[in-house]
Structure formats: C-alpha cells, structure tokens
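> Shown below is the structure under consideration.
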Amino acid sequence: MPRLVRALALPALSLVVGLAALAAGLALAGYDAGAGLAALGRGAFGSTFAFTAGTLTRAIPLILIGLGFALALRAGALNVGAEGQFYAGAVAATAVGVALPALPGPAAAPAVLAAGALAGAAWIALPVVLRVRFGVLEAISTLLLNFVAEAFVSLMVTGPLQEAQRIYPQSDPIARGAWLPFLPGTRVHAGLVVALAMAVLLHVVFARTRWGFRLLVTGAGPRAAAVSGRIDTRRAVATALLGSGALAGLAGAAEVAGVSHALYPNLSPGYGFTGIAVALLAGGRPLAIVATGVLFGALDSGAAAMQREAGIPAVAVFVAEAVIILAVLIAGALARRDARAEAPEPA
Amino acid sequence: MGVPLAPDGALTARLALEGITHRFGPAEALRDVSLQVAPGSVHALLGENGAGKTTLLRIVAGLLEPSAGTLRLDGAARRFRSPRDARAAGIGMVHQHSTAIPALTVAENVALAAGWAVRPAELARRVAALAERVGLPLDPAARVETLPVALKQRLEIVKALAVETRVLLLDEPTAVLAPAEIADLLTLVRRLAASGTSVVLITHKLDEALAAADHVTVLRRGRVTLDGPARLQTAESLATAMLGGAGAPRDAAPQPAPPGATLVEASGLTVPRERDGAPGLRDASLVVRAGEIVAVAGVEGSGQRELLRAVAGLAPPTAGTLRVEGTVAFVPEDRTTEGLIPSLSLTENVVLGRDDQAPFGRRILDWRAAAGATAALLAQHDVRAPGPGAPAAALSGGNQQKLVLARALARAPRVVVAENPTRGLDLAATAAVHARLRAAAAAGCAVLLASTDLDEVLAVGTRVVVAARGRLLEAPPGADRDTIGALMLAAPA
C-alpha cells in the first residue's frame, strides 16, 4: 500500500523535524534539551494517567474541531471560527446542564452534547447566510465571530449563567447526571468515543455518500460542479459549514460535560486554531485526524510536564507545532508544484 | 524618434517576429508565426479566442519565452526574460482588464508604473502634463476606484506611455467599451501612430481592424492565415481567414435529416449575458428536431453561448418560451474548468453529474461499479488514459474532450448541446468528436452545436443557423461559406 506509506511518511517526517527544531531551540536558549524532551515524552505517554488524562483528553476537542475544519475544507470553505463555535457550544451545554438538574441520567449527557452541536451550527449560521447570499468571505466572518463569542462567554459568566454566589466569573456546575463518565480503567471521558465515532462517520461520508462527493466536487471544481446541472454548490457549501460549526460546538459541549463541568472564560487554550493544524496535518482525512489530534494532544500535555519537571516554559512547544505545520504546508506546496509540472498546460 | 534604416536602405520594421513557435507541453499554441510592425503604424492582430493571439502577445511583452524563433526590435534581435526587460526595451502593454490599484489616485498609479519617486505636488503636475501631451485628459487626484471603465482604460494607456514606448500592445481594448468610446479609442490609436508609436491592436472584431489598422495579421489555430495591408481587406476576407480557410479538408457534406419529433423549441427567447446581465441573445426563435444537428455559426460573443446555456438549463431566459424534451447533455466550451475537474480521478469525473443514477447508487455511492463503468466508457470511446483512477489532468486535451462527450452521452440524452467541442483539438480528435455527434443524431438525439469554426459548422451541421449581434438567423439550405459570412455581418444591431 504505497499510498498509505506516503500518507504516513510525511506527517512522521514533519514530526521529527518539529521535535528537532524544538531541541535545537531549547539548546540555543540554554536549557537541557535532552531533559526537556524526556519530560515532554513522560508528560504525554509516561503513564496511563498522563496518556489518558493529558494526551487523550486534550485530543478530544482537537479531533472534533479538526474534523469540522476538514468538512468545510472539502467543500472549499474555510471555517476559522471554531474557537467561537466551541464557546457557543460550551455556553449552550452549560445552560442546558445547569437548567435541567432533574434530567434522568441516560438522557442528560446526550441532551447537553446535542445542545452544544446545535449552538455551534447556530453560531456559524450568520456567516453561512452572508457567504451564500452575498458572497462574503467566510474566512473573515467566522474569524470575527470568535471575538464576539469570547465576549458572549464573559457576559454569560457575569450575567445569566453566573454561579449562585455571584462572586466568581464562572457558572454553577452542570448536573452530575450530565457529566461524561471516564472510560473504564482510564482517566479520559466518554467524549473520546464520541470523537472517534464522528471520525468514522465522516470517513464514511467522504468515501461513500453522495453528499460527501458533492462537497468534494464543489471544493475541487465549483464551475464544473455547477455546470454538471445536478449540484447546487451553494447548498453544498452551506451544509458543510453548518456541519463544521456543529462539530466545533460539540467539542465545546464535550469539554464542559467531560472536563470542566462548568463554564469559564478561557475554557479553550486555542483549540479552535490548533484544530486547524490538526486537520491540515492530516490532509483533511478523517481517520488521519484522529492520529494528528492525539499527536497535538500529546504535545500540549507534554508541554505542561516539561514546564513542571524541567522548568522549560510550556510555550516552547509551540515551536515544534509551528515547524510541523510549516513542514507539512511546504511539502504540500512542493507536491502540488510537481503535479502542475507534469500536467499539460492549458493552451 | 528617428526611423532607422536597414543597410540596404529599406525601412526597418519597428517590431519583427520571425518564425515564432510556442509549445505548451505537446500542444502547439503558435507555429512559425512571422510578422512585421512598421514604425508609426497601427497593426491589427485578429483571431478567435484560442487562435494564439494572447500567447503571441505574452511573448512580445516578455511574459513567455518562445520555444523557437526570433524577435527583433528596430532590427536588433532581442530576448526578453521578463516583462521588465520588455518594458525597458520600449514595449508597452495595456491589458484587457485594469491593472491599476483601485485605492490609489491616478497620479500615484502612474508614478508606480513609471517608477517616478517625486513629491506629490510635482507628481500631479507631471502626470497632468503627460496626460495633456498624449491627449488623454485625466484628473491626477482622482481615486481609480471612482473612475468609469473607459477612464480606467485611459489610465492604463497613460501608464504605458509614461516612459518611452516604441511599441504599444493593446489587448482587446474595445471589449469593455461602449460604441462611442470605441470610436474615441480608435481615434487615439491613430493619433499615437501618427506621432511615431507603433500600435498593435489585438481584437476579434473585424470592423475595428478595418477602421483603424494600416496592416492586418490574422491568426487561426496558431498559424498566420492572412497578412497584408488593411486597405486590401474586406470583412469577408478577414472572416474567412479567421474562421477557416477555403479548401480545408472536409468530411462529406452532411445530409439533411428526415424530420423527427421537435425536441427543442424556443420562441422569442431573450437571455442575459453572465458577465454583465445585458441581453446576450435577443428575441431568438429556434426549433431542433430529433435526428438533426443544428450548427450555430458566429464570431465569439454573438449570443450563441447564451442560447446553448439556456437550452442546457444553465441560464434562465428573461423573456420568451423554451421547451426542451427529455434529458439534456451539455458539453461546455472550457473542458478544464467546466467540463472536468482536473485534480480528480476519471471515475470521479464520470460520476460528476450522474451521482444520483444507477449504477452509481443514490445516497450511497458504489465506487466499484463506478470504476467499472468508467473503464468501459474509456474503452468504448477510445479515451487513452492510464486507467479510471488517473487524474483527469493526466489526459491530453483530445482525450479530455472525448471523456466529456462520453460522459454526456452516457446519460442517454434526447438533446445534446455542445459549445465549440473541438477547440484546440488535433485532426484525429476532432474527427472522433464529430463522429460521436453524428452518431448521436443518427440515434435520434437533437444536437445543437455552436462553433466559431466555419469549417466545423459546414462539416457537421445538417442545418446552419447564424448568430450575429445577439440575433439568430436561419441560413438557407445548402448555404455556402460566403452566404453564411454575409449573414454574420447583415444582422441588425
């Protein structure tokens, strides 16, 4: 399967380059690079606790947001507003989770997650309308709504959703029945199952369904798709973006239901943006996004350990993340240039 | 600007192209093109889209290096490796669309083009003086985004003339102008020539070439088909050179088909142009019956595009009635942006537009069946391809077009609509496409074809309709090239 080898070789090589850059950076800055990388590795994979409570737990929102970005990208649309949709999902999940304490157990968590997904889709609805009706670039409108979402969360945790004492800028905890349980024998919540199920679902959608095919042709050749007479490209773009927003909203709800159990400002350490890198690194392939999501989860988790154990600022790991992304983008650009050189030029 | 003399005393051409050939991969865009532009003259370069005009222009402007041939400027052989080289040698280029920066003023745009780094007051004075000198008044302080199209074009010309320009290339400058503005532009072109600048006017409009040019060169399919003084030409002679030389090898004349059921019926049809919404086709009536191939002849932009796209259901008419029976298969003009998606596989391209039909499935697609059907289609239509999984970009133009046609016919259409289906194809691929269209008609389809190539119209049309200035005119049965050429010019404006 040379195709699979090729698909895996590039991210693996990028990872090596990224870690090498991190090591070089640490050495240049006077840190013990070996100790730093060792702490990074322990923090990410050193124990079941580190792997599940750290790496996998952080991978959940990254996978869901990465899947959402890939879904929009397939139709040629850029959703860079996952951060905002994540917060919209978190707010809705909190509102439902706090308001319905009497909700019976089995229905509570699904209700909270569904509320988050709906809110994520609702948060992207305005950019969708602007794009489809007026041609406003969704890359700009979704980005700008991130700032609105952060302000919206601040408003919520100091207003309608503030905790009962009215002291701290945070919400009351959501009902216990709505908390996502840990998977047996681990410290990672059941949101992981949801994320994996979404990855498989999206894989099938892309590979097998007519909707997935219509998204592909809309993204790859919008004129040809429209002229084929069968494909409403605006509908394809709209559905892809709404699905993208729903996945980011789901990520926000899973974070509330599985990790924080309440709404805080700064709930996301930039998941909405790291998720874009997760999707790009995987080339937009849903199953590969699981792998890259875990990778970035590991880097985040390891960075915290690096700071704790080796006294190296956690932000240093951004160097590795940035180099990995750049390596993948450069390799992709080179591959496209080669492909162009081989293709006949239009006369 | 003195006029240099060659050693033998003859006038040296300002710009001379000798045996220019240019290939894009295996495709030859220009073949052995030679022409001479005299100092202080207006030289019209005529040709349909795809004839090679733009490629030639890009070579002169330094955007492309020719595969073979020599370019001489005032007798000296030159090689331009970049547009900057050409600019420094005195080649000025006015592109079809404005290249000015909308947010800057007229004066700032001129300064940018000319490389003037001076104080604003000085700049305004200098730009005003320049505009005055070339006779194109412009307000130096006006922001470009506020200018109407004609003034933006005027700015482009002023930009080109801001530094010494020996040859001014105008790429279809009248395409964006209203008739009165066109007259002004042609007057200006004459005046520039009188002051010593050589002007190359690229156009596909015959009347402009006849009105403004001293000399005309016509390109067709990358070769020079006519070259001579404009005063010796007529609209008919230019049209013949552009659309197809007499005596070209031709299939046997098609037989008029026995009348079948009417499958396309248009009456009083008006269809807006995609570009600007102005009516591209006006009050057109047409009937296409089963078994016949109706070929629409006409120069680019005569309304044939709007007619075909309306019949294909892609352009809603604003007036009139249109009835189309059964499935329509549409073969668009541009096979790499509208026909196929080059980055996707042949199988994916074959499924495009048929993703709700057997054998591919409905909501869930059966890729195994699709790959099998694609392989069968490739074999049946003699499409040379590595396999169903290869990207469409890997195919030659002829094979891409065969695939587009194969896919269209696989939908079991009753009506086949094809826009310039053989543009840019070699003879073998052209013959294959024609054979498929004839077979479709013989099998009971109504075929509606538009072509800017008169040879093609005469070769495959069982009936010929002429599109001219947005109107449709029926050609009499058995009409020859001259009759059709006359109809193209006779249509009321």
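Just remember, in the structure tokens the first chain shown is A, the second B, etc., residues are 1-based per chain, and ligands are 1-based in the order shown.
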Could you pull the residues within 9 Å of B:Leu352, counting only C-alpha atoms, minus those fewer than 5 positions along the same chain, as a VMD selection string?

(chain A and resid 213 to 214 217 224 to 225 228 230 to 231) or (chain B and resid 340 347 407)

> Using 6 Å as the limit and counting only C-alpha atoms, can you tabulate each residue of chain B that touches chain A, with its shortest atom-to-atom distance in Å and the two atoms involved, as JSON lines?


{"residue": "B:Phe24", "atom": "CA", "partner": "A:Glu345", "partner_atom": "CA", "distance": 5.8}
{"residue": "B:Gly25", "atom": "CA", "partner": "A:Pro344", "partner_atom": "CA", "distance": 5.7}
{"residue": "B:Thr337", "atom": "CA", "partner": "A:Ala224", "partner_atom": "CA", "distance": 5.9}
{"residue": "B:Glu338", "atom": "CA", "partner": "A:Ala224", "partner_atom": "CA", "distance": 3.9}
{"residue": "B:Gly339", "atom": "CA", "partner": "A:Ala224", "partner_atom": "CA", "distance": 5.6}
{"residue": "B:Ile341", "atom": "CA", "partner": "A:Gly221", "partner_atom": "CA", "distance": 5.3}
{"residue": "B:Gly353", "atom": "CA", "partner": "A:Ser228", "partner_atom": "CA", "distance": 4.8}
{"residue": "B:Arg363", "atom": "CA", "partner": "A:Arg210", "partner_atom": "CA", "distance": 5.1}
{"residue": "B:Ile364", "atom": "CA", "partner": "A:Thr209", "partner_atom": "CA", "distance": 4.4}
{"residue": "B:Leu365", "atom": "CA", "partner": "A:Arg208", "partner_atom": "CA", "distance": 5.3}
{"residue": "B:Ala393", "atom": "CA", "partner": "A:Ala343", "partner_atom": "CA", "distance": 5.6}
{"residue": "B:Ala394", "atom": "CA", "partner": "A:Ala343", "partner_atom": "CA", "distance": 5.8}

> Please produce an output containing N, CA and C atoms for each residue in the selection, written as an mmCIF file, in the first residue's frame.


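Writing done, so here's again_6.cif:
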data_model
loop_
_atom_site.group_PDB
_atom_site.id
_atom_site.type_symbol
_atom_site.label_atom_id
_atom_site.label_comp_id
_atom_site.auth_asym_id
_atom_site.auth_seq_id
_atom_site.Cartn_x
_atom_site.Cartn_y
_atom_site.Cartn_z
ATOM 1 N N PHE B 24 3.028 24.425 -25.484
ATOM 2 C CA PHE B 24 2.726 24.136 -24.079
ATOM 3 C C PHE B 24 2.695 22.632 -23.986
ATOM 4 N N GLY B 25 3.740 22.044 -23.451
ATOM 5 C CA GLY B 25 3.800 20.583 -23.460
ATOM 6 C C GLY B 25 3.713 20.121 -24.902
ATOM 7 N N THR B 337 -12.201 23.729 -16.814
ATOM 8 C CA THR B 337 -12.840 24.343 -15.647
ATOM 9 C C THR B 337 -14.312 23.965 -15.541
ATOM 10 N N GLU B 338 -14.958 23.709 -16.682
ATOM 11 C CA GLU B 338 -16.388 23.414 -16.612
ATOM 12 C C GLU B 338 -16.719 21.982 -16.992
ATOM 13 N N GLY B 339 -15.884 21.388 -17.834
ATOM 14 C CA GLY B 339 -16.171 20.022 -18.263
ATOM 15 C C GLY B 339 -15.691 19.018 -17.236
ATOM 16 N N ILE B 341 -12.960 18.155 -13.704
ATOM 17 C CA ILE B 341 -12.204 18.683 -12.578
ATOM 18 C C ILE B 341 -10.837 18.017 -12.653
ATOM 19 N N GLY B 353 -22.245 14.707 -11.937
ATOM 20 C CA GLY B 353 -23.444 14.950 -12.729
ATOM 21 C C GLY B 353 -24.333 13.728 -12.869
ATOM 22 N N ARG B 363 -28.051 7.733 -2.527
ATOM 23 C CA ARG B 363 -27.401 8.465 -1.418
ATOM 24 C C ARG B 363 -26.036 7.882 -1.093
ATOM 25 N N ILE B 364 -25.937 6.563 -1.281
ATOM 26 C CA ILE B 364 -24.647 5.897 -1.056
ATOM 27 C C ILE B 364 -24.087 5.538 -2.429
ATOM 28 N N LEU B 365 -22.828 5.884 -2.656
ATOM 29 C CA LEU B 365 -22.241 5.668 -3.978
ATOM 30 C C LEU B 365 -21.489 4.343 -4.018
ATOM 31 N N ALA B 393 -6.283 15.496 -15.142
ATOM 32 C CA ALA B 393 -5.220 16.379 -15.626
ATOM 33 C C ALA B 393 -4.175 15.611 -16.423
ATOM 34 N N ALA B 394 -4.115 14.279 -16.222
ATOM 35 C CA ALA B 394 -3.095 13.495 -16.906
ATOM 36 C C ALA B 394 -3.455 13.224 -18.366
#

> Excluding stretch 138-152 of chain A and any residue of its chain fewer than 5 positions from it, enumerate the residues within 8 Å of it, using only C-alpha atoms, and give them as an mmCIF file with C-alpha atoms, in the first residue's frame.


data_model
loop_
_atom_site.group_PDB
_atom_site.id
_atom_site.type_symbol
_atom_site.label_atom_id
_atom_site.label_comp_id
_atom_site.auth_asym_id
_atom_site.auth_seq_id
_atom_site.Cartn_x
_atom_site.Cartn_y
_atom_site.Cartn_z
ATOM 1 C CA ALA A 77 -14.811 26.693 2.574
ATOM 2 C CA LEU A 78 -12.614 27.900 5.416
ATOM 3 C CA ASN A 79 -14.118 27.793 8.880
ATOM 4 C CA VAL A 80 -11.623 29.609 11.055
ATOM 5 C CA GLY A 81 -14.291 30.331 13.644
ATOM 6 C CA ALA A 82 -14.139 27.023 15.511
ATOM 7 C CA GLU A 83 -13.000 28.833 18.633
ATOM 8 C CA GLY A 84 -16.219 30.831 18.655
ATOM 9 C CA GLN A 85 -18.380 27.832 17.817
ATOM 10 C CA TYR A 87 -17.635 28.589 23.082
ATOM 11 C CA ALA A 88 -21.170 28.763 21.699
ATOM 12 C CA ILE A 124 -21.932 29.761 12.062
ATOM 13 C CA PRO A 127 -21.505 33.558 8.088
ATOM 14 C CA VAL A 128 -23.255 30.876 6.020
ATOM 15 C CA LEU A 130 -23.564 36.015 4.282
ATOM 16 C CA ARG A 131 -21.479 33.683 2.121
ATOM 17 C CA PRO A 265 -13.836 32.222 30.260
#

> Given the choices B:Thr217, B:Ser237, B:Thr197, B:Thr321, which gets closest to B:Leu56 if the distance is worked out from only C-alpha atoms?

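Nearest candidate to B:Leu56 out of B:Thr217, B:Ser237, B:Thr197, B:Thr321: B:Thr217.
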
> Could you check the closest approach to A:Leu161 for each of A:Tyr264, A:Phe182, A:Phe206, A:Trp123 and tell me which residue wins, using only C-alpha atoms?

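Closest to A:Leu161, using only C-alpha atoms: A:Tyr264.
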